[in-house]
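Engineer: You'll find data-v4.cif just under this line, and it carries mmCIF, C-alpha atoms.
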data_protein
loop_
_atom_site.label_atom_id
_atom_site.label_comp_id
_atom_site.auth_asym_id
_atom_site.auth_seq_id
_atom_site.Cartn_x
_atom_site.Cartn_y
_atom_site.Cartn_z
CA MET A 974 18.34 -24.13 -1.95
CA THR A 975 16.57 -24.51 1.35
CA LEU A 976 15.22 -21.90 3.71
CA GLU A 977 17.90 -22.91 6.20
CA GLN A 978 20.62 -22.26 3.63
CA VAL A 979 19.15 -18.84 2.82
CA LYS A 980 19.07 -17.97 6.54
CA LYS A 981 22.66 -19.18 7.00
CA GLU A 982 23.93 -17.22 3.99
CA LEU A 983 22.21 -14.03 5.09
CA LYS A 984 23.35 -14.41 8.68
CA GLY A 985 26.93 -14.89 7.51
CA TYR A 986 27.00 -11.66 5.48
CA LYS A 987 29.92 -9.44 6.47
CA GLY A 988 30.19 -6.76 3.77
CA ARG A 989 29.25 -3.08 3.82
CA THR A 990 25.95 -2.09 5.40
CA ILE A 991 23.08 -2.65 3.00
CA LYS A 992 19.84 -0.68 3.27
CA ILE A 993 16.78 -2.47 1.92
CA MET A 994 13.50 -0.61 1.90
CA GLU A 995 10.19 -2.37 2.38
CA VAL A 996 7.95 0.20 0.75
CA CYS A 997 4.67 -1.11 2.08
CA GLY A 998 3.36 -0.95 5.64
CA THR A 999 1.92 -4.46 5.40
CA HIS A 1000 5.46 -5.73 4.76
CA THR A 1001 6.72 -3.84 7.82
CA ALA A 1002 4.13 -5.72 9.90
CA SER A 1003 5.01 -9.07 8.24
CA ILE A 1004 8.72 -8.53 8.92
CA PHE A 1005 7.96 -8.21 12.63
CA LYS A 1006 5.49 -11.09 12.63
CA ALA A 1007 8.04 -13.44 11.06
CA GLY A 1008 10.92 -12.17 13.22
CA ILE A 1009 13.01 -11.43 10.12
CA ARG A 1010 15.32 -8.93 11.84
CA SER A 1011 16.43 -11.54 14.37
CA ILE A 1012 17.76 -13.62 11.47
CA LEU A 1013 19.67 -10.82 9.75
CA PRO A 1014 23.09 -9.47 10.68
CA ALA A 1015 23.43 -5.79 11.65
CA GLU A 1016 24.92 -5.12 8.19
CA ILE A 1017 21.57 -5.81 6.50
CA ARG A 1018 19.21 -3.02 7.54
CA LEU A 1019 15.52 -3.19 6.68
CA ILE A 1020 14.00 0.26 6.52
CA SER A 1021 10.39 1.32 6.11
CA GLY A 1022 9.18 3.49 3.26
CA PRO A 1023 6.34 5.86 2.44
CA GLY A 1024 3.87 3.07 1.67
CA CYS A 1025 1.22 3.88 4.24
CA PRO A 1026 -1.30 6.09 2.40
CA VAL A 1027 -2.84 7.33 5.62
CA CYS A 1028 0.55 8.55 6.89
CA VAL A 1029 1.28 10.63 3.80
CA THR A 1030 -2.19 12.21 3.49
CA PRO A 1031 -1.84 15.95 4.15
CA SER A 1032 -3.48 17.44 7.22
CA ALA A 1033 -5.37 19.93 5.00
CA TYR A 1034 -7.18 16.90 3.56
CA ILE A 1035 -8.29 15.81 7.03
CA ASP A 1036 -9.35 19.42 7.74
CA LYS A 1037 -11.54 19.39 4.65
CA LEU A 1038 -13.20 16.15 5.78
CA VAL A 1039 -13.75 17.62 9.25
CA GLU A 1040 -15.32 20.71 7.65
CA TYR A 1041 -17.69 18.55 5.57
CA SER A 1042 -18.63 16.43 8.59
CA LEU A 1043 -19.80 19.52 10.48
CA LYS A 1044 -21.78 20.91 7.55
CA GLU A 1045 -25.55 20.56 7.57
CA ASN A 1046 -26.93 17.58 5.59
CA HIS A 1047 -23.44 16.23 4.99
CA GLN A 1048 -21.85 12.98 6.06
CA VAL A 1049 -18.25 11.82 5.64
CA LEU A 1050 -17.62 8.18 4.79
CA THR A 1051 -14.16 6.73 5.33
CA PHE A 1052 -12.08 3.64 5.94
CA GLY A 1053 -11.41 3.14 9.65
CA ASP A 1054 -7.65 3.78 9.23
CA MET A 1055 -8.28 7.48 8.65
CA MET A 1056 -10.21 8.11 11.85
CA LYS A 1057 -7.33 8.81 14.22
CA VAL A 1058 -5.00 10.83 11.99
CA ARG A 1059 -4.92 14.44 13.03
CA GLY A 1060 -5.56 17.35 10.72
CA SER A 1061 -4.22 20.77 11.63
CA GLU A 1062 -6.70 20.85 14.51
CA TYR A 1063 -8.82 17.72 14.79
CA SER A 1064 -8.86 14.10 13.77
CA LEU A 1065 -12.08 12.58 12.39
CA THR A 1066 -12.59 10.80 15.73
CA GLN A 1067 -12.46 14.15 17.50
CA ALA A 1068 -14.72 15.74 14.89
CA LYS A 1069 -17.25 12.97 15.50
CA ALA A 1070 -17.15 13.74 19.21
CA LEU A 1071 -17.89 17.36 18.32
CA GLY A 1072 -21.01 16.27 16.46
CA GLY A 1073 -19.48 15.67 13.03
CA GLN A 1074 -21.36 13.20 10.86
CA ILE A 1075 -18.79 10.50 10.07
CA SER A 1076 -19.18 6.80 9.39
CA TYR A 1077 -16.54 4.30 8.55
CA LEU A 1078 -17.09 1.62 5.98
CA TYR A 1079 -15.48 -1.66 5.03
CA SER A 1080 -16.00 -1.21 1.30
CA PRO A 1081 -16.55 1.86 -0.92
CA LEU A 1082 -19.61 0.13 -2.42
CA GLN A 1083 -21.43 0.43 0.92
CA SER A 1084 -21.65 4.16 0.24
CA LEU A 1085 -23.96 3.50 -2.73
CA ALA A 1086 -26.65 1.94 -0.57
CA LEU A 1087 -26.41 4.81 1.92
CA ALA A 1088 -26.68 7.43 -0.84
CA LYS A 1089 -29.77 5.70 -2.24
CA GLN A 1090 -31.45 5.28 1.16
CA ASN A 1091 -30.87 8.89 2.21
CA PRO A 1092 -31.21 11.14 -0.85
CA GLN A 1093 -31.37 14.26 1.34
CA THR A 1094 -27.86 13.66 2.71
CA ASN A 1095 -24.75 14.66 0.80
CA TYR A 1096 -22.12 11.98 1.27
CA ILE A 1097 -18.38 12.60 0.92
CA PHE A 1098 -16.21 9.50 0.54
CA ALA A 1099 -12.59 9.87 1.70
CA ALA A 1100 -10.94 8.22 -1.31
CA VAL A 1101 -7.44 7.60 -0.02
CA GLY A 1102 -4.99 4.89 -1.03
CA PHE A 1103 -2.55 3.59 -3.59
CA GLU A 1104 -3.13 1.61 -6.78
CA THR A 1105 -4.53 -1.30 -4.75
CA THR A 1106 -7.56 0.78 -3.78
CA ALA A 1107 -7.87 3.05 -6.85
CA PRO A 1108 -9.75 0.46 -9.01
CA LEU A 1109 -12.34 0.14 -6.24
CA TYR A 1110 -13.07 3.84 -6.59
CA ALA A 1111 -13.32 3.37 -10.34
CA ILE A 1112 -16.01 0.70 -9.88
CA LEU A 1113 -17.78 2.91 -7.36
CA LEU A 1114 -17.83 5.74 -9.94
CA GLU A 1115 -19.09 3.35 -12.59
CA GLU A 1116 -21.98 2.32 -10.33
CA MET A 1117 -22.71 5.95 -9.42
CA GLU A 1118 -22.94 6.79 -13.11
CA LYS A 1119 -25.10 3.77 -13.85
CA GLU A 1120 -27.52 4.53 -11.04
CA GLY A 1121 -27.51 8.30 -11.50
CA ILE A 1122 -26.38 9.00 -7.93
CA ARG A 1123 -25.76 12.68 -7.31
CA ASN A 1124 -25.53 12.91 -3.51
CA LEU A 1125 -22.20 11.10 -3.21
CA LYS A 1126 -18.84 12.68 -4.05
CA LEU A 1127 -15.23 11.65 -3.60
CA LEU A 1128 -12.53 13.65 -1.87
CA ILE A 1129 -9.54 12.16 -3.60
CA ALA A 1130 -6.01 11.69 -2.27
CA VAL A 1131 -4.93 8.65 -4.27
CA LYS A 1132 -1.19 8.20 -4.77
CA THR A 1133 0.90 6.10 -7.10
CA ILE A 1134 4.02 4.27 -6.04
CA VAL A 1135 6.35 4.34 -9.06
CA PRO A 1136 6.96 8.15 -9.01
CA ALA A 1137 7.59 7.87 -5.26
CA LEU A 1138 10.16 5.11 -5.83
CA SER A 1139 11.81 7.22 -8.48
CA TYR A 1140 11.96 10.14 -6.01
CA LEU A 1141 13.55 7.87 -3.38
CA CYS A 1142 16.14 6.61 -5.88
CA GLU A 1143 17.03 10.20 -6.80
CA LYS A 1144 17.21 11.60 -3.30
CA GLU A 1145 18.11 8.84 -0.86
CA GLU A 1146 20.77 6.16 -0.44
CA ILE A 1147 18.85 2.90 -0.66
CA ASP A 1148 20.43 -0.30 -2.00
CA GLY A 1149 17.35 -2.28 -2.94
CA PHE A 1150 13.58 -2.40 -2.71
CA LEU A 1151 10.99 -4.91 -1.59
CA CYS A 1152 8.18 -3.74 -3.89
CA PRO A 1153 4.71 -3.44 -2.37
CA GLY A 1154 2.89 -6.76 -2.82
CA HIS A 1155 -0.72 -5.74 -3.28
CA VAL A 1156 0.04 -2.59 -5.26
CA SER A 1157 2.01 -4.87 -7.58
CA VAL A 1158 -1.05 -7.13 -7.96
CA ILE A 1159 -2.63 -4.21 -9.83
CA ILE A 1160 0.34 -2.58 -11.59
CA GLY A 1161 2.36 -5.75 -12.25
CA SER A 1162 6.06 -6.45 -11.89
CA LYS A 1163 7.19 -5.18 -15.29
CA ILE A 1164 6.44 -1.57 -14.42
CA TYR A 1165 9.52 -1.46 -12.13
CA GLU A 1166 11.91 -2.40 -14.96
CA PRO A 1167 12.76 1.18 -16.05
CA LEU A 1168 13.59 1.98 -12.42
CA ALA A 1169 15.90 -1.03 -12.03
CA LYS A 1170 17.63 -0.11 -15.26
CA LYS A 1171 17.93 3.63 -14.67
CA TYR A 1172 19.01 3.52 -11.04
CA GLN A 1173 20.88 0.19 -11.17
CA LYS A 1174 19.10 -1.24 -8.15
CA PRO A 1175 17.28 -4.48 -7.33
CA PHE A 1176 13.47 -4.37 -7.24
CA VAL A 1177 11.95 -7.55 -5.86
CA VAL A 1178 8.19 -8.09 -5.79
CA THR A 1179 7.47 -10.05 -2.67
CA GLY A 1180 4.61 -11.65 -0.78
CA PHE A 1181 3.86 -11.49 2.90
CA GLU A 1182 5.09 -14.80 4.31
CA GLY A 1183 8.41 -14.91 6.15
CA GLU A 1184 9.79 -17.22 3.45
CA HIS A 1185 8.80 -14.74 0.73
CA ILE A 1186 10.58 -11.92 2.51
CA LEU A 1187 13.75 -13.89 3.29
CA ALA A 1188 13.99 -15.18 -0.27
CA SER A 1189 13.52 -11.62 -1.55
CA ILE A 1190 16.26 -10.24 0.72
CA TYR A 1191 18.52 -13.01 -0.52
CA GLU A 1192 17.67 -12.12 -4.11
CA ILE A 1193 18.54 -8.47 -3.44
CA MET A 1194 21.84 -9.43 -1.80
CA THR A 1195 22.67 -11.64 -4.78
CA GLN A 1196 21.95 -8.89 -7.28
CA LEU A 1197 24.12 -6.47 -5.30
CA SER A 1198 26.90 -9.02 -5.15
CA THR A 1199 26.81 -9.79 -8.87
CA GLU A 1200 26.02 -6.18 -9.81
CA GLU A 1201 23.26 -7.39 -12.08
CA TYR A 1202 20.24 -5.33 -11.25
CA ARG A 1203 16.77 -6.31 -12.32
CA VAL A 1204 13.15 -6.81 -11.34
CA LYS A 1205 12.39 -10.17 -9.81
CA ASN A 1206 8.87 -11.34 -9.05
CA LEU A 1207 8.84 -13.73 -6.10
CA TYR A 1208 5.09 -13.35 -5.51
CA THR A 1209 3.94 -15.14 -8.62
CA SER A 1210 0.83 -16.63 -6.97
CA ALA A 1211 -0.77 -13.17 -7.09
CA VAL A 1212 1.36 -10.84 -9.22
CA LYS A 1213 1.53 -11.09 -13.00
CA GLU A 1214 4.08 -9.33 -15.13
CA GLU A 1215 1.40 -7.01 -16.53
CA GLY A 1216 -0.62 -6.84 -13.31
CA ASN A 1217 -4.40 -6.88 -13.28
CA GLU A 1218 -5.05 -5.18 -16.61
CA LYS A 1219 -8.79 -5.04 -16.05
CA ALA A 1220 -8.29 -3.16 -12.78
CA PHE A 1221 -5.62 -0.90 -14.23
CA GLY A 1222 -7.91 -0.13 -17.18
CA ALA A 1223 -10.71 0.80 -14.78
CA ILE A 1224 -8.37 3.25 -12.99
CA MET A 1225 -7.32 4.89 -16.25
CA LYS A 1226 -10.93 5.25 -17.44
CA TYR A 1227 -11.79 7.57 -14.55
CA PHE A 1228 -8.47 8.98 -13.38
CA GLU A 1229 -5.42 10.72 -14.78
CA PRO A 1230 -2.00 11.36 -13.21
CA CYS A 1231 -1.34 14.59 -11.35
CA ASP A 1232 1.23 15.98 -8.95
CA ALA A 1233 0.55 15.00 -5.35
CA TYR A 1234 1.54 16.31 -1.97
CA TRP A 1235 2.92 13.71 0.46
CA ARG A 1236 2.77 14.64 4.12
CA GLY A 1237 6.31 14.73 5.45
CA ILE A 1238 7.88 14.75 1.97
CA GLY A 1239 6.31 17.45 -0.17
CA THR A 1240 5.10 17.42 -3.76
CA ILE A 1241 6.21 14.51 -5.94
CA PRO A 1242 5.50 15.15 -9.64
CA GLY A 1243 3.02 12.78 -11.25
CA SER A 1244 2.51 10.76 -8.06
CA GLY A 1245 -1.23 11.25 -7.66
CA LEU A 1246 -4.47 10.48 -9.45
CA ARG A 1247 -7.27 12.93 -10.07
CA LEU A 1248 -10.60 12.53 -11.83
CA ARG A 1249 -10.64 13.10 -15.57
CA GLU A 1250 -12.46 16.27 -16.55
CA GLU A 1251 -15.66 14.52 -17.62
CA PHE A 1252 -16.03 12.99 -14.15
CA LEU A 1253 -15.22 16.09 -12.09
CA LYS A 1254 -18.90 16.35 -11.12
CA TYR A 1255 -18.13 13.53 -8.67
CA ASP A 1256 -15.26 15.41 -7.03
CA ALA A 1257 -15.66 17.05 -3.64
CA GLY A 1258 -12.97 19.70 -4.06
CA SER A 1259 -9.88 17.48 -3.91
CA GLU A 1260 -7.59 20.08 -5.47
CA GLU A 1261 -8.07 22.42 -2.52
CA ALA A 1262 -7.52 19.67 0.06
CA PHE A 1263 -3.80 20.10 0.45
CA ALA A 1264 -1.38 22.79 1.58
CA GLU A 1265 2.32 22.98 2.26
CA GLU A 1266 2.87 22.02 5.87
CA THR A 1267 5.56 21.23 8.35
CA LEU A 1268 5.41 18.34 10.76
CA PRO A 1269 5.13 19.10 14.48
CA LYS A 1270 8.39 20.06 16.20
CA GLY A 1271 10.29 16.97 17.31
CA CYS A 1272 8.52 14.67 14.82
CA SER A 1273 10.89 12.65 12.60
CA CYS A 1274 8.22 11.10 10.35
CA THR A 1275 9.96 12.57 7.29
CA ASP A 1276 13.19 10.72 8.10
CA VAL A 1277 11.23 7.54 8.85
CA ILE A 1278 9.25 7.42 5.60
CA LEU A 1279 12.31 8.28 3.54
CA GLY A 1280 14.20 5.42 5.20
CA ARG A 1281 16.86 7.63 6.78
CA ILE A 1282 16.21 6.36 10.29
CA GLN A 1283 14.31 3.55 11.94
CA PRO A 1284 11.38 4.64 14.14
CA ILE A 1285 13.22 3.85 17.38
CA GLU A 1286 15.93 6.29 16.36
CA CYS A 1287 13.45 9.18 16.61
CA PRO A 1288 13.99 10.93 19.98
CA ALA A 1289 10.23 11.26 20.48
CA PHE A 1290 9.48 7.55 19.84
CA GLY A 1291 7.65 5.97 22.78
CA LYS A 1292 8.15 9.12 24.85
CA ARG A 1293 6.40 12.21 23.49
CA CYS A 1294 4.98 10.13 20.65
CA THR A 1295 2.88 7.01 21.31
CA PRO A 1296 -0.22 5.58 19.57
CA MET A 1297 -2.34 7.03 22.41
CA ASP A 1298 -0.90 10.51 21.93
CA ALA A 1299 0.85 10.66 18.60
CA LEU A 1300 3.03 13.48 17.42
CA GLY A 1301 3.21 12.34 13.80
CA PRO A 1302 1.02 10.35 11.41
CA CYS A 1303 3.33 7.30 11.28
CA MET A 1304 2.53 6.52 14.91
CA VAL A 1305 -1.24 6.72 14.47
CA SER A 1306 -1.97 4.54 11.48
CA SER A 1307 -2.10 0.76 11.83
CA GLU A 1308 0.29 0.56 8.87
CA GLY A 1309 2.54 3.42 9.90
CA ALA A 1310 6.10 2.32 10.57
CA CYS A 1311 6.26 3.95 14.02
CA GLY A 1312 2.97 2.41 15.15
CA ILE A 1313 4.08 -1.05 14.03
CA TRP A 1314 7.47 -0.69 15.76
CA TYR A 1315 5.75 0.54 18.92
CA LYS A 1316 3.40 -2.46 19.04
CA ASN A 1317 6.29 -4.85 18.51
CA ARG A 1318 8.78 -3.28 20.93
CA MET B 308 -4.42 0.00 4.09
CA CYS B 309 -3.44 -2.19 1.15
CA VAL B 310 -4.21 -5.33 3.14
CA ALA B 311 -5.80 -8.12 1.09
CA ILE B 312 -6.75 -11.59 2.17
CA PRO B 313 -7.46 -14.75 0.17
CA GLY B 314 -10.85 -16.42 0.18
CA LYS B 315 -12.48 -19.26 -1.78
CA ILE B 316 -15.50 -18.47 -3.94
CA ILE B 317 -18.47 -20.58 -2.89
CA GLU B 318 -21.28 -18.74 -4.73
CA ILE B 319 -21.52 -16.24 -7.57
CA HIS B 320 -24.46 -13.92 -8.33
CA GLY B 321 -23.61 -11.51 -11.14
CA ASP B 322 -20.73 -9.32 -10.02
CA THR B 323 -20.99 -10.46 -6.43
CA ALA B 324 -19.41 -13.59 -4.97
CA LYS B 325 -19.62 -15.19 -1.57
CA ALA B 326 -16.17 -16.12 -0.40
CA ASP B 327 -15.06 -18.33 2.45
CA ILE B 328 -12.25 -16.71 4.39
CA MET B 329 -11.10 -19.17 7.01
CA GLY B 330 -14.65 -20.27 7.75
CA ASN B 331 -16.19 -16.78 7.62
CA ILE B 332 -18.38 -15.91 4.65
CA PHE B 333 -17.84 -12.50 3.06
CA GLU B 334 -19.33 -10.88 -0.01
CA ALA B 335 -16.94 -9.54 -2.59
CA ASN B 336 -17.41 -7.67 -5.84
CA ILE B 337 -15.67 -9.64 -8.58
CA SER B 338 -15.97 -7.21 -11.50
CA LEU B 339 -12.19 -6.53 -11.53
CA VAL B 340 -11.26 -10.19 -12.10
CA ASP B 341 -12.26 -13.19 -14.19
CA ALA B 342 -13.21 -15.58 -11.42
CA LYS B 343 -15.25 -18.74 -11.26
CA LEU B 344 -16.69 -20.94 -8.55
CA GLY B 345 -13.97 -22.60 -6.48
CA ASP B 346 -11.31 -20.00 -7.34
CA TYR B 347 -9.28 -18.35 -4.61
CA ILE B 348 -9.49 -14.58 -4.79
CA LEU B 349 -7.48 -11.89 -3.05
CA ILE B 350 -10.00 -9.60 -1.35
CA HIS B 351 -9.31 -5.95 -0.59
CA ALA B 352 -12.03 -3.73 0.93
CA GLY B 353 -14.87 -5.83 -0.46
CA PHE B 354 -13.38 -6.36 -3.93
CA ALA B 355 -11.53 -9.26 -5.49
CA ILE B 356 -8.35 -7.73 -6.89
CA GLU B 357 -6.88 -10.94 -8.32
CA VAL B 358 -7.44 -14.67 -8.68
CA VAL B 359 -4.58 -16.35 -6.85
CA GLN B 360 -2.84 -19.70 -7.14
CA THR B 361 -4.25 -22.12 -4.61
CA GLU B 362 -0.92 -23.70 -3.82
CA THR B 363 1.19 -21.28 -1.80
CA ALA B 364 3.38 -24.28 -1.02
CA GLN B 365 4.09 -24.70 -4.72
CA GLU B 366 5.08 -21.05 -4.95
CA MET B 367 7.58 -21.53 -2.11
CA ILE B 368 9.07 -24.56 -3.86
CA ASP B 369 9.39 -22.51 -7.05
CA ILE B 370 10.99 -19.58 -5.23
CA PHE B 371 13.66 -21.71 -3.59
CA ALA B 372 14.28 -23.64 -6.80
CA GLU B 373 14.89 -20.29 -8.51
CA LEU B 374 17.32 -19.26 -5.81
CA ASP B 375 19.21 -22.50 -6.50
CA GLU B 376 19.52 -21.34 -10.07
CA VAL B 377 20.81 -17.99 -8.83
CA ILE B 378 23.47 -19.74 -6.74
CA ARG B 379 24.69 -21.85 -9.65
CA ASN B 380 25.36 -18.69 -11.66
CA ASP B 381 26.57 -16.82 -8.66
CA THR B 382 29.92 -15.30 -7.96
CA GLY B 383 29.64 -15.42 -4.20
CA ALA B 384 26.14 -14.23 -3.38
CA GLY B 385 25.21 -13.31 0.14
CA LYS B 386 28.77 -13.62 1.41
CA GLU B 387 30.83 -10.52 1.06
CA GLY B 388 31.21 -7.21 -0.63
CA ALA B 389 27.64 -6.72 -1.81
#
When written as structure tokens, how does the structure in this file appear?
Structural biologist:
Amino acid sequence: MTLEQVKKELKGYKGRTIKIMEVCGTHTASIFKAGIRSILPAEIRLISGPGCPVCVTPSAYIDKLVEYSLKENHQVLTFGDMMKVRGSEYSLTQAKALGGQISYLYSPLQSLALAKQNPQTNYIFAAVGFETTAPLYAILLEEMEKEGIRNLKLLIAVKTIVPALSYLCEKEEIDGFLCPGHVSVIIGSKIYEPLAKKYQKPFVVTGFEGEHILASIYEIMTQLSTEEYRVKNLYTSAVKEEGNEKAFGAIMKYFEPCDAYWRGIGTIPGSGLRLREEFLKYDAGSEEAFAEETLPKGCSCTDVILGRIQPIECPAFGKRCTPMDALGPCMVSSEGACGIWYKNR
Amino acid sequence: MCVAIPGKIIEIHGDTAKADIMGNIFEANISLVDAKLGDYILIHAGFAIEVVQTETAQEMIDIFAELDEVIRNDTGAGKEGA
């Protein structure tokens, strides 16, 4: 089989409309970069999913960070992605302009050096992400324990992808999934097997090259055609069946599953991680950092992250909602579906 | 946010490695992987999250060879009625 043959077969597809969800924002960007949609017929629709952690972080969480940033002797540490997402009133960028103490870091470990250099400052790390980032927080906690650091705490909004996929399978009409590549590096490919079996859908673990994505779409189309649904790992250079067990073990040492609130969706049972009781001394009040909320009027982020519509189908897209003045979180984040579609219009 | 990029390990000091990412040298914590000098690691926010195969080309060959297999057992994949 050659790439040309795969392209020809996909292009020639004339059956019912198939909806394939790329769960991860990095895949959404890769699909644009490789021009995948230009190769596919209208009957194969690629839809984005809830796999941008910044987009699904509740505004109450941002509010809590803003509050900490304005508190005396406190400083908020975050990844850059979080800076522009609005809370109920301000984003972190706006809070910084108001005098909030906020720094963004490349790696969680940088916070250790800061905490040691400035023992009089209380640091709050915005621990957001999926399973890809969770083991990093585990190592950070390990180092904090080892070095006896007490002036650094984590505000945790870590989410896990399998319960979210299960929710999507229960509630939405999606024919197959491109599983998130770097989340799968940690959790492995095998973990999706119960989902494939229960919901009778294809789950293909895929990398980020155009060839990876096309081959994965072809695999999904083949499974749908033969009605033999399974997990297929087409990103074997990085993803093992069992994942990175060392990293997964580190997560489970410090964290345990909990229900989590996804902005635009609501609470998904068992889809979050919280610190185990013995490590709660490192928590900055994560349990209070969420509240039921509704998206701004006219924002269709819910429909976008659940794969019901494509970003350009939102009436506000590119009009009332742009990256410069975003209505919803999916337009702000660099991995939000709306933001990626806007940049690639 | 889950972006990770591959780099080649050029030095190791304890849990920290220096990795060459397209000519730029970055430090990465390697405590989550079993990596040695010369390995390619996938780096996410300052951490190696996996040791990766060096030959992406080989992976592509394997993928398309597998699809060949799929076609041989196929009942009309990618054509109609999926």
Engineer: Which residues of chain A have any atom within 7 Å of an atom in chain B when counting only C-alpha atoms, and what is the closest pair of atoms for each, with the distance in Å to one decimal? Order the rows by chain and rising number and write it as a tab-separated table.
Structural biologist:
residue	atom	partner	partner_atom	distance
A:Met974	CA	B:Asp375	CA	4.9
A:Thr975	CA	B:Phe371	CA	6.4
A:Glu982	CA	B:Gly385	CA	5.6
A:Leu983	CA	B:Gly385	CA	5.8
A:Gly985	CA	B:Lys386	CA	6.5
A:Tyr986	CA	B:Lys386	CA	4.9
A:Lys987	CA	B:Glu387	CA	5.6
A:Gly988	CA	B:Gly388	CA	4.5
A:Arg989	CA	B:Gly388	CA	6.4
A:Thr999	CA	B:Val310	CA	6.6
A:Cys1025	CA	B:Met308	CA	6.8
A:Tyr1079	CA	B:Ala352	CA	5.7
A:Ser1080	CA	B:Ala352	CA	4.7
A:Thr1105	CA	B:Cys309	CA	6.1
A:Leu1109	CA	B:Phe354	CA	7.0
A:His1155	CA	B:Cys309	CA	6.3
A:Val1158	CA	B:Glu357	CA	7.0
A:Tyr1191	CA	B:Gly385	CA	6.7
A:Met1194	CA	B:Gly385	CA	5.5
A:Thr1195	CA	B:Ala384	CA	4.6
A:Leu1197	CA	B:Ala389	CA	5.0
A:Ser1198	CA	B:Ala389	CA	4.1
A:Thr1199	CA	B:Thr382	CA	6.4
A:Leu1207	CA	B:Ile370	CA	6.3
A:Ser1210	CA	B:Gln360	CA	4.8
A:Ala1211	CA	B:Val359	CA	5.0
A:Asn1217	CA	B:Glu357	CA	6.9
A:Lys1219	CA	B:Leu339	CA	5.8
A:Ala1220	CA	B:Leu339	CA	5.3
A:Glu1308	CA	B:Met308	CA	6.7
Engineer: Using the chain letters and residue numbers of this document, give as a list in words the residues selected by the PyMOL selection byres ((chain A and resi 1144-1146) around 9).
Structural biologist: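 Applying the PyMOL selection byres ((chain A and resi 1144-1146) around 9) to the structure shown produces Lys992, Ser1139, Tyr1140, Leu1141, Cys1142, Glu1143, Ile1147, Asp1148, Leu1279, Gly1280 and Arg1281 of chain A.
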Engineer: For the residues selected in the previous step, produce a file with C-alpha atoms as an mmCIF file, keeping the file's coordinate frame.
Structural biologist:
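Everything below was put into again.cif:
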data_model
loop_
_atom_site.group_PDB
_atom_site.id
_atom_site.type_symbol
_atom_site.label_atom_id
_atom_site.label_comp_id
_atom_site.auth_asym_id
_atom_site.auth_seq_id
_atom_site.Cartn_x
_atom_site.Cartn_y
_atom_site.Cartn_z
ATOM 1 C CA LYS A 992 19.840 -0.680 3.270
ATOM 2 C CA SER A 1139 11.810 7.220 -8.480
ATOM 3 C CA TYR A 1140 11.960 10.140 -6.010
ATOM 4 C CA LEU A 1141 13.550 7.870 -3.380
ATOM 5 C CA CYS A 1142 16.140 6.610 -5.880
ATOM 6 C CA GLU A 1143 17.030 10.200 -6.800
ATOM 7 C CA ILE A 1147 18.850 2.900 -0.660
ATOM 8 C CA ASP A 1148 20.430 -0.300 -2.000
ATOM 9 C CA LEU A 1279 12.310 8.280 3.540
ATOM 10 C CA GLY A 1280 14.200 5.420 5.200
ATOM 11 C CA ARG A 1281 16.860 7.630 6.780
#
Engineer: On this file, the PyMOL selection byres ((chain A and resi 1113) around 10) gives some set of residues; write that set as a list in words.
Structural biologist: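 Against this file, the PyMOL selection byres ((chain A and resi 1113) around 10) returns the residues Ser1080, Pro1081, Leu1082, Gln1083, Ser1084, Leu1085, Ala1107, Pro1108, Leu1109, Tyr1110, Ala1111, Ile1112, Leu1114, Glu1115, Glu1116, Met1117, Glu1118, Lys1119 and Leu1127 of chain A.
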Engineer: What is the CA of Ile332 in chain B to CA of Gln1090 in chain A distance in Å?
Structural biologist: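 Between CA of Ile332 in chain B and CA of Gln1090 in chain A the gap is 25.1 Å.
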Engineer: Pick out the closest residue to Glu1045 in chain A from this set: A:Cys1028, A:Tyr1096, A:Glu1261, A:Cys1311. Count all atoms listed in the file.
Structural biologist: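 Of all the options, A:Tyr1096 lies closest to Glu1045 in chain A.
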Engineer: Hey, can you pull every residue with an atom no more than 7 Å from (7.2, 10.0, -9.5), using all atoms listed in the file, and send it as an MDAnalysis selection string?
Structural biologist: chainID A and resid 1135:1140 1241:1244
